[in-house]
Amino acid sequence: MPPSLDAVSAVPVTPFSADGALDEDALGRVVRRLVDQGVPVIVPCGGTGEFSQLAPAERERVARVAIEAGAGATVLVGVGGDLAGAVQATAAAVAAGAAGVMVHALSDPYLTPAGIVAYVEAIAAAADGCVVPYVRGRAPAASALARICALEQVVAVKWAIADLQGFAEFATRHGDEVAPVCGLAESWAPYFALAGGRGFTSGLANLDARVPLALHAALAAGDYPTAMRRWREALPFEQLRARHDAGNNVPAVKEAMAIAGLLPSATVRAPLAPLSAGDRAELEAIVRTLAPRP
């Protein structure tokens with residue numbers, strides 16, 4: 001039976017030392033803490049994990065560390081880029097014990113529905129496990145989505161486009177085939193839930209999983225007054241992450257973890273940049289309200 005993606009899917013940061021090297025020990029602690037807090041789905045090598053800034057060999061190491069530290073949770077490894085590399089990474093992740101993979105959105109400017117489907121089909125063929133396509137930027141054509149959702153390995157679609165009507169239409173058409181997952185984190189989760197979403201991704205869980213888990217529980221129970229109270233708790237953090245056209249997305253999570261004593265270094269790799277002094281000062285106040293515990 002495929003794993004349930006009607007859940008909080010945490011995307012762990014990839015810790016680096018002050019000189020920019022991969023910090024595997026810190027990564028293991030980040031993932032283990034997520035599992036210990038009750039997060040059911042872990043997605044290493046995701047966007048919050050700086051997938052694009054990792055070399056292929058580093059992605060494999062991140063995946064292996066996360067799979068080992070994530071014992072007890074469903075681990076879906078982010079894959080993408082060139083097709084041969086994505087297929088190889090998929091096979092390696094599943095062989096190492098991952099439940100499957102999340103397929104990053106394609107960045108090539110010259111795409112056709114047939115090409116997108118062929119890419120996902122090739123990865124699905126390599127996965128003796130589940131596949132979760134990640135939709136962002138521009139939604140694939142309806143014909144491509146229909147063919148992708150019909151693949152046996154595809155159990156969910158992570159939708160990260162701020163288009164509620166488009167998402168609602170997708171959920172109506174394909175919600176019986178796959179789990180429509182909100183890929184825009186806590187700030188959009190209640191609205192995606194109303195539109196047919198089941199589950200959402202979270203970067204906030206790296207800092208403290210209690211708010212996202214409580215938000216998901218309230219949404220699953222249809223308790224919207226409680227859900228919106230939890231949403232308001234998460235909103236200042238999510239709004240700060242969204243600044244500068246989402247350029248703060250990863251640096252804000254890492255800085256918050258460093259402020260809380262959960263990460264030895266908030267280092268990010270270029271082209272990402274550290275938070276501005278003003279944003280960091282604001283983040284310090286937000287972290288105090290969320291009150292994470294090391």
# chains A, B, ... in the order shown; residues from 1 in each chain; ligands from 1
$ closest_atom_pairs --of "range 30-91 of chain A" --to "range 121-128 of chain A" --cutoff "10 Å" --atoms "only C-alpha atoms" --output "JSON lines"
{"residue": "A:Val79", "atom": "CA", "partner": "A:Ile123", "partner_atom": "CA", "distance": 9.1}
{"residue": "A:Gly80", "atom": "CA", "partner": "A:Ile123", "partner_atom": "CA", "distance": 9.3}
{"residue": "A:Leu83", "atom": "CA", "partner": "A:Ile123", "partner_atom": "CA", "distance": 7.8}
{"residue": "A:Ala84", "atom": "CA", "partner": "A:Ile123", "partner_atom": "CA", "distance": 9.0}
{"residue": "A:Gly85", "atom": "CA", "partner": "A:Ile123", "partner_atom": "CA", "distance": 9.9}
{"residue": "A:Ala86", "atom": "CA", "partner": "A:Ile123", "partner_atom": "CA", "distance": 6.9}
{"residue": "A:Val87", "atom": "CA", "partner": "A:Ile123", "partner_atom": "CA", "distance": 5.2}
{"residue": "A:Gln88", "atom": "CA", "partner": "A:Ala126", "partner_atom": "CA", "distance": 7.9}
{"residue": "A:Ala89", "atom": "CA", "partner": "A:Ile123", "partner_atom": "CA", "distance": 9.3}
{"residue": "A:Thr90", "atom": "CA", "partner": "A:Ala127", "partner_atom": "CA", "distance": 6.0}
{"residue": "A:Ala91", "atom": "CA", "partner": "A:Ala126", "partner_atom": "CA", "distance": 5.7}
$ write_last_selection --atoms "all heavy atoms" --output "mmCIF file, in the first residue's frame"
data_model
loop_
_atom_site.group_PDB
_atom_site.id
_atom_site.type_symbol
_atom_site.label_atom_id
_atom_site.label_comp_id
_atom_site.auth_asym_id
_atom_site.auth_seq_id
_atom_site.Cartn_x
_atom_site.Cartn_y
_atom_site.Cartn_z
ATOM 1 N N VAL A 79 14.351 14.649 -6.556
ATOM 2 C CA VAL A 79 15.201 14.387 -7.724
ATOM 3 C C VAL A 79 14.808 15.364 -8.826
ATOM 4 O O VAL A 79 13.717 15.923 -8.824
ATOM 5 C CB VAL A 79 15.073 12.929 -8.227
ATOM 6 C CG1 VAL A 79 15.478 11.947 -7.145
ATOM 7 C CG2 VAL A 79 13.656 12.633 -8.722
ATOM 8 N N GLY A 80 15.708 15.552 -9.783
ATOM 9 C CA GLY A 80 15.406 16.463 -10.880
ATOM 10 C C GLY A 80 16.624 16.696 -11.739
ATOM 11 O O GLY A 80 17.606 15.957 -11.660
ATOM 12 N N LEU A 83 17.663 14.049 -17.167
ATOM 13 C CA LEU A 83 16.868 12.833 -16.987
ATOM 14 C C LEU A 83 17.713 11.663 -16.521
ATOM 15 O O LEU A 83 17.320 10.929 -15.595
ATOM 16 C CB LEU A 83 16.149 12.476 -18.288
ATOM 17 C CG LEU A 83 15.285 11.213 -18.227
ATOM 18 C CD1 LEU A 83 14.246 11.304 -17.123
ATOM 19 C CD2 LEU A 83 14.618 10.962 -19.575
ATOM 20 N N ALA A 84 18.884 11.463 -17.126
ATOM 21 C CA ALA A 84 19.719 10.328 -16.723
ATOM 22 C C ALA A 84 20.098 10.438 -15.248
ATOM 23 O O ALA A 84 20.062 9.449 -14.500
ATOM 24 C CB ALA A 84 20.970 10.260 -17.596
ATOM 25 N N GLY A 85 20.461 11.655 -14.825
ATOM 26 C CA GLY A 85 20.814 11.849 -13.427
ATOM 27 C C GLY A 85 19.636 11.644 -12.504
ATOM 28 O O GLY A 85 19.769 11.057 -11.412
ATOM 29 N N ALA A 86 18.447 12.106 -12.912
ATOM 30 C CA ALA A 86 17.251 11.944 -12.087
ATOM 31 C C ALA A 86 16.871 10.479 -11.960
ATOM 32 O O ALA A 86 16.471 10.011 -10.882
ATOM 33 C CB ALA A 86 16.103 12.747 -12.682
ATOM 34 N N VAL A 87 16.985 9.737 -13.054
ATOM 35 C CA VAL A 87 16.683 8.296 -13.018
ATOM 36 C C VAL A 87 17.665 7.571 -12.107
ATOM 37 O O VAL A 87 17.277 6.717 -11.290
ATOM 38 C CB VAL A 87 16.712 7.713 -14.444
ATOM 39 C CG1 VAL A 87 16.727 6.186 -14.407
ATOM 40 C CG2 VAL A 87 15.515 8.209 -15.243
ATOM 41 N N GLN A 88 18.944 7.903 -12.223
ATOM 42 C CA GLN A 88 19.953 7.284 -11.374
ATOM 43 C C GLN A 88 19.712 7.615 -9.905
ATOM 44 O O GLN A 88 19.800 6.742 -9.029
ATOM 45 C CB GLN A 88 21.348 7.745 -11.793
ATOM 46 C CG GLN A 88 22.478 7.116 -10.975
ATOM 47 C CD GLN A 88 23.848 7.607 -11.424
ATOM 48 O OE1 GLN A 88 23.964 8.536 -12.219
ATOM 49 N NE2 GLN A 88 24.888 6.975 -10.917
ATOM 50 N N ALA A 89 19.386 8.878 -9.617
ATOM 51 C CA ALA A 89 19.130 9.279 -8.238
ATOM 52 C C ALA A 89 17.892 8.588 -7.682
ATOM 53 O O ALA A 89 17.845 8.215 -6.505
ATOM 54 C CB ALA A 89 18.966 10.797 -8.167
ATOM 55 N N THR A 90 16.895 8.398 -8.528
ATOM 56 C CA THR A 90 15.678 7.714 -8.098
ATOM 57 C C THR A 90 15.973 6.270 -7.713
ATOM 58 O O THR A 90 15.571 5.801 -6.640
ATOM 59 C CB THR A 90 14.632 7.753 -9.232
ATOM 60 O OG1 THR A 90 14.260 9.100 -9.478
ATOM 61 C CG2 THR A 90 13.398 6.947 -8.872
ATOM 62 N N ALA A 91 16.677 5.571 -8.586
ATOM 63 C CA ALA A 91 17.007 4.175 -8.300
ATOM 64 C C ALA A 91 17.854 4.056 -7.043
ATOM 65 O O ALA A 91 17.644 3.154 -6.208
ATOM 66 C CB ALA A 91 17.740 3.565 -9.496
#
$ closest_atom_pairs --of "range 164-238 of chain A" --to "range 11-22 of chain A" --cutoff "8 Å" --atoms "only C-alpha atoms" --output "JSON lines"
{"residue": "A:Thr201", "atom": "CA", "partner": "A:Val11", "partner_atom": "CA", "distance": 7.0}
{"residue": "A:Ser202", "atom": "CA", "partner": "A:Val11", "partner_atom": "CA", "distance": 6.2}
{"residue": "A:Gly203", "atom": "CA", "partner": "A:Val11", "partner_atom": "CA", "distance": 5.7}
{"residue": "A:Asn206", "atom": "CA", "partner": "A:Pro12", "partner_atom": "CA", "distance": 6.1}
$ write_last_selection --atoms "N, CA and C atoms" --output "CSV table (one decimal), in the first residue's frame"
chain,number,residue,atom,x,y,z
A,201,THR,N,3.1,20.9,2.6
A,201,THR,CA,4.5,20.9,2.9
A,201,THR,C,4.9,22.0,3.9
A,202,SER,N,6.0,21.8,4.6
A,202,SER,CA,6.3,22.7,5.7
A,202,SER,C,7.9,22.9,5.8
A,203,GLY,N,8.3,24.2,5.8
A,203,GLY,CA,9.7,24.5,6.2
A,203,GLY,C,9.7,24.9,7.6
A,206,ASN,N,11.0,22.6,10.5
A,206,ASN,CA,12.4,22.5,10.9
A,206,ASN,C,12.7,23.2,12.2
$ closest_residue --among "A:Val117, A:Ala63, A:Cys45, A:Ala105" --to "Ala92 in chain A" --atoms "only C-alpha atoms"
A:Ala63
$ select_by_dssp --residues "range 87-125 of chain A" --states "helix (DSSP H, G or I)" --output "list in words"
Val87, Gln88, Ala89, Thr90, Ala91, Ala92, Ala93, Val94, Ala95, Pro113, Ala114, Gly115, Ile116, Val117, Ala118, Tyr119, Val120, Glu121, Ala122, Ile123, Ala124 and Ala125 of chain A
$ write_last_selection --atoms "C-alpha atoms" --output "tab-separated table (two decimals), in the first residue's frame"
chain	number	residue	atom	x	y	z
A	87	VAL	CA	16.68	8.30	-13.02
A	88	GLN	CA	19.95	7.28	-11.37
A	89	ALA	CA	19.13	9.28	-8.24
A	90	THR	CA	15.68	7.71	-8.10
A	91	ALA	CA	17.01	4.18	-8.30
A	92	ALA	CA	19.68	4.94	-5.68
A	93	ALA	CA	17.18	6.51	-3.27
A	94	VAL	CA	14.75	3.60	-3.45
A	95	ALA	CA	17.60	1.08	-3.12
A	113	PRO	CA	3.09	18.21	-22.61
A	114	ALA	CA	4.56	15.11	-24.26
A	115	GLY	CA	8.05	15.97	-23.03
A	116	ILE	CA	6.92	16.53	-19.45
A	117	VAL	CA	5.04	13.23	-19.43
A	118	ALA	CA	8.01	11.35	-20.89
A	119	TYR	CA	10.28	12.76	-18.17
A	120	VAL	CA	7.98	11.69	-15.33
A	121	GLU	CA	7.31	8.31	-16.96
A	122	ALA	CA	11.04	7.54	-17.13
A	123	ILE	CA	11.51	8.39	-13.46
A	124	ALA	CA	8.43	6.37	-12.49
A	125	ALA	CA	9.81	3.37	-14.37
$ closest_residue --among "A:Gly38, A:Pro251, A:Gly137, A:Pro180" --to "Arg210 in chain A" --atoms "only C-alpha atoms"
A:Gly38
$ select_by_dssp --residues "range 100-198 of chain A" --states "strand (DSSP E or B)" --output "list in words"
Gly100, Val101, Met102, Val103, Cys130, Val131, Val132, Pro133, Tyr134, Val135, Arg136, Val154, Ala156, Val157, Lys158, Trp159, Ala160, Ala179, Pro180, Val181 and Cys182 of chain A
$ closest_residue --among "A:Val287, A:Leu240, A:Leu263, A:Val211" --to "Leu27 in chain A" --atoms "only C-alpha atoms"
A:Leu263
